[in-house]
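*Asks:* Here you go, coords.txt (compact mmCIF, C-alpha atoms and all ligand atoms):
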# COMPACT_ATOMS: atom_id res chain seq x y z
CA MET A 1 -0.90 14.14 8.09
CA PRO A 2 -2.59 11.08 9.61
CA ILE A 3 -5.22 9.00 7.88
CA ILE A 4 -8.25 9.20 10.18
CA ALA A 5 -10.43 6.10 10.47
CA PRO A 6 -13.43 6.58 12.77
CA SER A 7 -14.59 3.29 14.28
CA ILE A 8 -18.30 2.77 13.56
CA LEU A 9 -18.51 0.57 16.69
CA ALA A 10 -18.99 3.77 18.70
CA ALA A 11 -21.61 5.26 16.36
CA ASN A 12 -25.35 5.40 17.03
CA PHE A 13 -26.57 2.19 15.33
CA LEU A 14 -30.16 3.43 15.39
CA ASP A 15 -29.15 6.35 13.23
CA LEU A 16 -26.43 4.78 11.11
CA LYS A 17 -27.44 6.52 7.89
CA ASN A 18 -27.08 9.92 9.48
CA GLU A 19 -23.79 8.90 11.17
CA CYS A 20 -22.43 7.86 7.75
CA GLN A 21 -23.56 11.13 6.17
CA ARG A 22 -21.81 13.12 8.90
CA LEU A 23 -18.61 11.18 8.32
CA ASN A 24 -18.95 11.69 4.57
CA ALA A 25 -19.08 15.44 5.10
CA SER A 26 -16.14 15.37 7.54
CA GLU A 27 -12.39 15.06 7.00
CA ALA A 28 -12.52 11.35 7.92
CA ASP A 29 -10.54 9.30 5.41
CA TRP A 30 -11.70 5.77 6.09
CA PHE A 31 -14.58 4.02 7.85
CA HIS A 32 -13.17 1.44 10.31
CA LEU A 33 -15.54 -1.52 10.71
CA ASP A 34 -14.97 -3.85 13.68
CA VAL A 35 -16.29 -7.35 13.12
CA MET A 36 -16.34 -9.52 16.27
CA ASP A 37 -17.40 -13.15 16.50
CA GLY A 38 -17.69 -13.91 20.23
CA ARG A 39 -14.93 -16.50 19.81
CA PHE A 40 -11.70 -14.73 18.94
CA VAL A 41 -12.87 -11.89 21.17
CA PRO A 42 -15.39 -11.96 24.02
CA ASN A 43 -17.92 -9.80 22.22
CA ILE A 44 -20.16 -9.90 19.12
CA SER A 45 -20.54 -6.75 17.04
CA PHE A 46 -21.86 -6.87 13.47
CA GLY A 47 -21.19 -8.68 10.23
CA ILE A 48 -21.65 -8.75 6.47
CA PRO A 49 -25.13 -7.08 6.19
CA ILE A 50 -23.92 -3.98 8.05
CA VAL A 51 -20.81 -3.71 5.86
CA GLU A 52 -23.09 -4.01 2.84
CA ALA A 53 -25.40 -1.28 4.14
CA ILE A 54 -22.53 1.08 4.95
CA ARG A 55 -21.07 0.47 1.48
CA LYS A 56 -24.26 2.00 0.06
CA ALA A 57 -23.88 5.04 2.32
CA THR A 58 -20.32 6.10 1.46
CA THR A 59 -17.65 6.12 -1.21
CA LYS A 60 -14.89 6.40 1.41
CA THR A 61 -12.56 3.47 2.07
CA LEU A 62 -14.11 0.65 4.10
CA ASP A 63 -11.39 -0.68 6.39
CA VAL A 64 -12.67 -3.99 7.78
CA HIS A 65 -11.02 -5.25 10.98
CA LEU A 66 -11.86 -8.92 11.40
CA MET A 67 -11.65 -10.08 15.00
CA ILE A 68 -12.82 -13.57 14.08
CA VAL A 69 -11.48 -17.10 13.94
CA GLU A 70 -11.20 -18.83 10.55
CA PRO A 71 -11.37 -15.59 8.55
CA GLU A 72 -10.69 -17.56 5.35
CA LYS A 73 -14.33 -18.70 5.43
CA TYR A 74 -15.66 -15.13 5.20
CA VAL A 75 -13.16 -12.83 3.46
CA GLU A 76 -14.74 -13.30 0.03
CA ASP A 77 -18.16 -12.34 1.41
CA PHE A 78 -16.71 -9.25 3.08
CA LYS A 79 -15.08 -8.25 -0.20
CA LYS A 80 -18.44 -8.73 -1.99
CA ALA A 81 -20.10 -6.62 0.72
CA GLY A 82 -17.77 -3.76 -0.19
CA ALA A 83 -14.60 -4.01 1.88
CA ASP A 84 -11.65 -2.08 0.43
CA SER A 85 -9.23 -3.60 2.91
CA ILE A 86 -9.40 -6.57 5.23
CA THR A 87 -7.25 -6.95 8.31
CA VAL A 88 -6.91 -10.32 10.01
CA HIS A 89 -5.33 -11.13 13.36
CA VAL A 90 -2.05 -13.02 13.43
CA GLU A 91 -3.31 -14.81 16.57
CA ALA A 92 -6.35 -16.13 14.64
CA CYS A 93 -4.38 -17.35 11.62
CA PRO A 94 -2.17 -20.43 11.92
CA HIS A 95 -1.73 -20.19 8.13
CA LEU A 96 -1.22 -16.44 7.97
CA HIS A 97 0.73 -16.44 4.69
CA ARG A 98 -2.08 -18.35 2.99
CA ASN A 99 -4.72 -16.00 4.46
CA ILE A 100 -2.78 -12.98 3.16
CA GLN A 101 -2.54 -14.42 -0.34
CA GLN A 102 -6.27 -15.22 -0.33
CA ILE A 103 -7.15 -11.59 0.49
CA LYS A 104 -4.64 -10.22 -2.04
CA ASN A 105 -6.15 -12.44 -4.72
CA LEU A 106 -9.50 -10.74 -4.11
CA GLY A 107 -7.87 -7.54 -5.36
CA ILE A 108 -8.17 -5.58 -2.11
CA LYS A 109 -5.65 -4.34 0.49
CA VAL A 110 -4.56 -6.65 3.27
CA GLY A 111 -3.60 -5.87 6.83
CA VAL A 112 -2.38 -7.95 9.75
CA ALA A 113 -3.30 -7.04 13.33
CA LEU A 114 -1.32 -7.76 16.49
CA ASN A 115 -2.79 -7.99 19.97
CA PRO A 116 -1.01 -6.01 22.70
CA HIS A 117 0.96 -9.05 23.91
CA THR A 118 2.04 -10.22 20.45
CA PRO A 119 5.60 -9.28 19.47
CA ILE A 120 6.47 -7.64 16.14
CA CYS A 121 8.65 -10.60 15.15
CA MET A 122 5.47 -12.65 14.56
CA ILE A 123 4.85 -10.80 11.30
CA GLU A 124 8.44 -10.20 10.19
CA ASN A 125 8.30 -12.90 7.51
CA VAL A 126 5.17 -11.49 5.86
CA LEU A 127 5.94 -7.75 6.05
CA THR A 128 6.78 -7.51 2.35
CA ASP A 129 3.48 -9.25 1.44
CA ILE A 130 1.07 -6.87 3.15
CA ASP A 131 -0.23 -3.30 2.89
CA MET A 132 -0.71 -2.52 6.55
CA VAL A 133 0.04 -3.59 10.11
CA LEU A 134 -2.58 -2.86 12.75
CA ILE A 135 -1.16 -2.42 16.23
CA MET A 136 -3.87 -3.01 18.83
CA SER A 137 -3.36 -0.50 21.62
CA VAL A 138 -6.12 -2.11 23.71
CA ASN A 139 -7.15 -5.75 24.03
CA PRO A 140 -9.55 -6.30 21.14
CA GLY A 141 -13.25 -6.79 21.76
CA PHE A 142 -14.56 -3.52 23.11
CA GLY A 143 -14.55 0.18 22.39
CA GLY A 144 -13.93 2.76 25.07
CA GLN A 145 -10.88 1.18 26.72
CA SER A 146 -7.71 2.97 27.83
CA PHE A 147 -4.69 3.17 25.56
CA ILE A 148 -1.90 0.76 26.61
CA ALA A 149 1.24 2.92 26.90
CA HIS A 150 3.63 0.13 25.86
CA SER A 151 2.09 0.34 22.37
CA LEU A 152 4.27 3.40 21.67
CA ILE A 153 7.45 1.33 22.05
CA LYS A 154 5.97 -1.30 19.76
CA ILE A 155 5.02 1.25 17.08
CA LYS A 156 8.60 2.63 17.12
CA GLU A 157 10.08 -0.85 16.80
CA LEU A 158 7.75 -1.67 13.91
CA LYS A 159 8.50 1.64 12.18
CA GLN A 160 12.24 0.88 12.23
CA LYS A 161 11.67 -2.56 10.76
CA ILE A 162 9.30 -1.25 8.09
CA ASN A 163 11.72 1.52 7.08
CA LYS A 164 14.37 -1.14 6.48
CA ILE A 165 12.43 -3.77 4.57
CA ALA A 166 8.96 -2.55 3.48
CA PRO A 167 8.67 1.26 3.62
CA GLN A 168 5.32 1.28 1.78
CA VAL A 169 3.56 -0.62 4.59
CA LEU A 170 1.21 1.55 6.67
CA ILE A 171 1.05 1.42 10.46
CA GLU A 172 -2.51 1.63 11.80
CA VAL A 173 -3.06 2.04 15.53
CA ASP A 174 -6.38 1.04 17.09
CA GLY A 175 -7.77 1.43 20.59
CA GLY A 176 -8.05 4.24 23.12
CA ILE A 177 -6.87 6.96 20.76
CA SER A 178 -7.89 10.51 21.62
CA LEU A 179 -6.69 14.07 21.14
CA ASP A 180 -4.59 13.56 24.30
CA ASN A 181 -2.40 10.76 22.96
CA ALA A 182 -2.70 11.00 19.15
CA SER A 183 0.38 13.19 18.82
CA ALA A 184 2.56 10.66 20.70
CA VAL A 185 1.13 7.87 18.53
CA MET A 186 1.97 9.79 15.36
CA HIS A 187 5.48 10.68 16.55
CA SER A 188 6.10 7.00 17.24
CA GLY A 189 5.47 6.21 13.57
CA ALA A 190 1.74 5.70 12.98
CA ASP A 191 0.13 6.49 9.62
CA VAL A 192 -3.50 5.64 10.41
CA LEU A 193 -5.38 6.56 13.59
CA VAL A 194 -8.51 4.57 14.43
CA ALA A 195 -10.75 6.32 16.94
CA GLY A 196 -14.23 5.35 18.09
CA SER A 197 -15.28 6.77 21.45
CA SER A 198 -13.17 9.91 21.27
CA ILE A 199 -14.86 10.87 17.99
CA PHE A 200 -18.46 9.71 18.38
CA HIS A 201 -18.81 10.58 22.08
CA SER A 202 -17.38 14.06 21.63
CA LYS A 203 -19.48 17.22 21.42
CA SER A 204 -18.66 17.57 17.74
CA PRO A 205 -17.35 14.47 15.93
CA GLU A 206 -16.53 16.63 12.88
CA GLU A 207 -14.40 18.99 14.97
CA THR A 208 -12.62 16.10 16.73
CA ILE A 209 -11.81 14.58 13.34
CA HIS A 210 -10.55 17.99 12.18
CA GLN A 211 -8.29 18.27 15.26
CA LEU A 212 -6.97 14.71 14.79
CA LYS A 213 -6.29 15.43 11.13
CA LYS A 214 -4.15 18.46 12.07
CA ILE A 215 -1.76 16.36 14.17
CA LYS A 216 1.67 16.16 12.56
O1 LIG B 301 -10.90 -2.84 17.29
C1 LIG B 301 -11.48 -2.22 18.17
C2 LIG B 301 -11.82 -2.90 19.47
O2 LIG B 301 -11.44 -4.21 19.43
C3 LIG B 301 -11.93 -0.79 17.95
O3 LIG B 301 -11.54 -0.40 16.63
C4 LIG B 301 -11.34 0.16 18.95
O4 LIG B 301 -11.59 -0.23 20.25
C5 LIG B 301 -11.81 1.60 18.70
O5 LIG B 301 -12.60 2.08 19.72
P1 LIG B 301 -12.09 3.14 20.80
O6 LIG B 301 -11.46 4.28 20.03
O7 LIG B 301 -13.34 3.52 21.51
O8 LIG B 301 -11.07 2.45 21.68
FE FE B 302 -10.70 -2.04 15.27
Will you turn the file into structure tokens for me?
*Replies:*
Amino acid sequence: MPIIAPSILAANFLDLKNECQRLNASEADWFHLDVMDGRFVPNISFGIPIVEAIRKATTKTLDVHLMIVEPEKYVEDFKKAGADSITVHVEACPHLHRNIQQIKNLGIKVGVALNPHTPICMIENVLTDIDMVLIMSVNPGFGGQSFIAHSLIKIKELKQKINKIAPQVLIEVDGGISLDNASAVMHSGADVLVAGSSIFHSKSPEETIHQLKKIK
């Protein structure tokens, strides 16, 4: 059964309290929070105050996806704001091993994200140090983009590697996930499905989450 992580980026920001309450009452497992800085990615989303506010609105896991440069300057603040896990991008971290240790020392889970063009081998030497790998199945920066088909090959390759050396590491897939492709993503080896538009822009987000949850 997949872990379902709705991406708040696609929620109605004017009615965030209600959106959180709906997710609380749904089968959603995690809240996925996309933080964008306008430097690592060509878009700015939200930051620490929103994470803090959402923390007050749910007891579910807050899965913070940092699409920012120099994450080491902010991870402590995101932990204080209520993050249960922080994922940083390998492309934004020239000292990735150090960044991972810093997040682990905060006592929360740590993930590493890979852009669509970044090969799996870039994280091979830290796989045993982390809790999760996030495979970006769109170019980061925006919700509502189309799933990049090559991601399936990448998920399979990562799954094989993880099975061999770090079977406890979760594979999270993020970008363009819908009821049409979620089954293929799961069969390729995913554990966590992030979905923004396909949940929040559907007729019934609760029902879409329920259908995603049923995927084997
Ligand atoms: O990290 C992200 C974008 O950079 C988002 O999590 C992702 O795009 C989810 O939105 P959607 O399901 O609409 O593609
Ligand atoms: Fe994300």
*Asks:* May I have the residues within 6 Å of ligand FE 302 (chain B), computed using only C-alpha atoms and all ligand atoms, as a ChimeraX atom specification?
*Replies:* /A:34,65,174
*Asks:* Restrict the selected residues to C-alpha atoms and save them as a CSV table (one decimal), in the coordinates of the input.
*Replies:*
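As written to disk, again.csv reads:
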chain,number,residue,atom,x,y,z
A,34,ASP,CA,-15.0,-3.8,13.7
A,65,HIS,CA,-11.0,-5.2,11.0
A,174,ASP,CA,-6.4,1.0,17.1
*Asks:* Kindly compile the residues surrounding ligand LIG 301 (chain B) within 10 Å, counting all atoms listed in the file, and format them as number ranges by chain.
*Replies:* A: 5-11, 32-36, 41-43, 45, 64-67, 113, 115, 134-147, 173-178, 193-201
*Asks:* Identify which of the residues A:Ala184, A:Ile153, A:Cys20, A:Val112 lies closest to Glu124 (chain A), counting all atoms listed in the file when measuring atom-to-atom distances.
*Replies:* A:Val112
*Asks:* Go ahead and compute the interatomic distance for CA of Val88 (chain A) and CA of Ala25 (chain A), in Å to one decimal.
*Replies:*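 CA of Val88 (chain A) sits 28.9 Å away from CA of Ala25 (chain A).
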*Asks:* Using all atoms listed in the file, pick whichever of A:Ile54, A:Ile162, A:Leu152, A:Ala28 has the shortest atom-to-atom distance to Phe13 (chain A).
*Replies:* A:Ile54
*Asks:* Find the residue from A:Thr61, A:Ser85, A:Ser188, A:Asn18 that sits nearest to Met132 (chain A); use all atoms listed in the file when measuring.
*Replies:*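 Among the listed residues, the smallest separation from Met132 (chain A) belongs to A:Ser85.
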*Asks:* Tell me which protein, DNA and RNA residues are within 6 Å of Gly189 (chain A), counting only C-alpha atoms, leaving out same-chain ones fewer than 3 positions away, and put them as a PyMOL selection string.
*Replies:* chain A and resi 156+159+186
*Asks:* Residues at most 10 Å from Glu52 (chain A), counting all atoms listed in the file, excluding those fewer than 6 positions away in the same chain, as a list in words?
*Replies:*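 Neighbouring residues, sequence-local ones excluded: Asp77, Phe78, Lys79, Lys80, Ala81, Gly82 and Ala83 of chain A.
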*Asks:* Would you mind exporting C-alpha atoms of the selected residues as a CSV table (one decimal), keeping the file's coordinate frame?
*Replies:*
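Full text of selection39.csv as output:
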chain,number,residue,atom,x,y,z
A,77,ASP,CA,-18.2,-12.3,1.4
A,78,PHE,CA,-16.7,-9.2,3.1
A,79,LYS,CA,-15.1,-8.2,-0.2
A,80,LYS,CA,-18.4,-8.7,-2.0
A,81,ALA,CA,-20.1,-6.6,0.7
A,82,GLY,CA,-17.8,-3.8,-0.2
A,83,ALA,CA,-14.6,-4.0,1.9
*Asks:* Rank A:His95, A:Glu207, A:Gln101, A:Ile155 by their smallest atom-to-atom distance to His187 (chain A), using only C-alpha atoms, and report the top residue only.
*Replies:*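 Nearest to His187 (chain A): A:Ile155.
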*Asks:* Could you please determine the separation between CA of Leu62 (chain A) and CA of Pro116 (chain A) in Å, to one decimal place?
*Replies:* 23.7 Å
*Asks:* Let me make sure I understand: among A:Lys164, A:Lys73, A:Arg22, A:His89, which one has the smallest atom-to-atom distance to Gly111 (chain A) if we use only C-alpha atoms?
*Replies:*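 Among A:Lys164, A:Lys73, A:Arg22, A:His89, it is A:His89 that comes nearest to Gly111 (chain A).
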*Asks:* Excluding Ile171 (chain A) and residues on its chain fewer than 6 positions from it, collect all residues at most 6 Å away from it, counting all atoms listed in the file, and give them as a PyMOL selection string.
*Replies:* chain A and resi 132-133+190-191
*Asks:* From the list A:Glu76, A:Ala92, A:His117, A:Arg55, which residue is nearest Asp37 (chain A) when using all atoms listed in the file?
*Replies:*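 Smallest separation from Asp37 (chain A) among the options: A:Ala92.
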*Asks:* Grab the CA of Asn24 (chain A) to CA of Thr58 (chain A) distance for me, in Å with one decimal place.
*Replies:* 6.5 Å
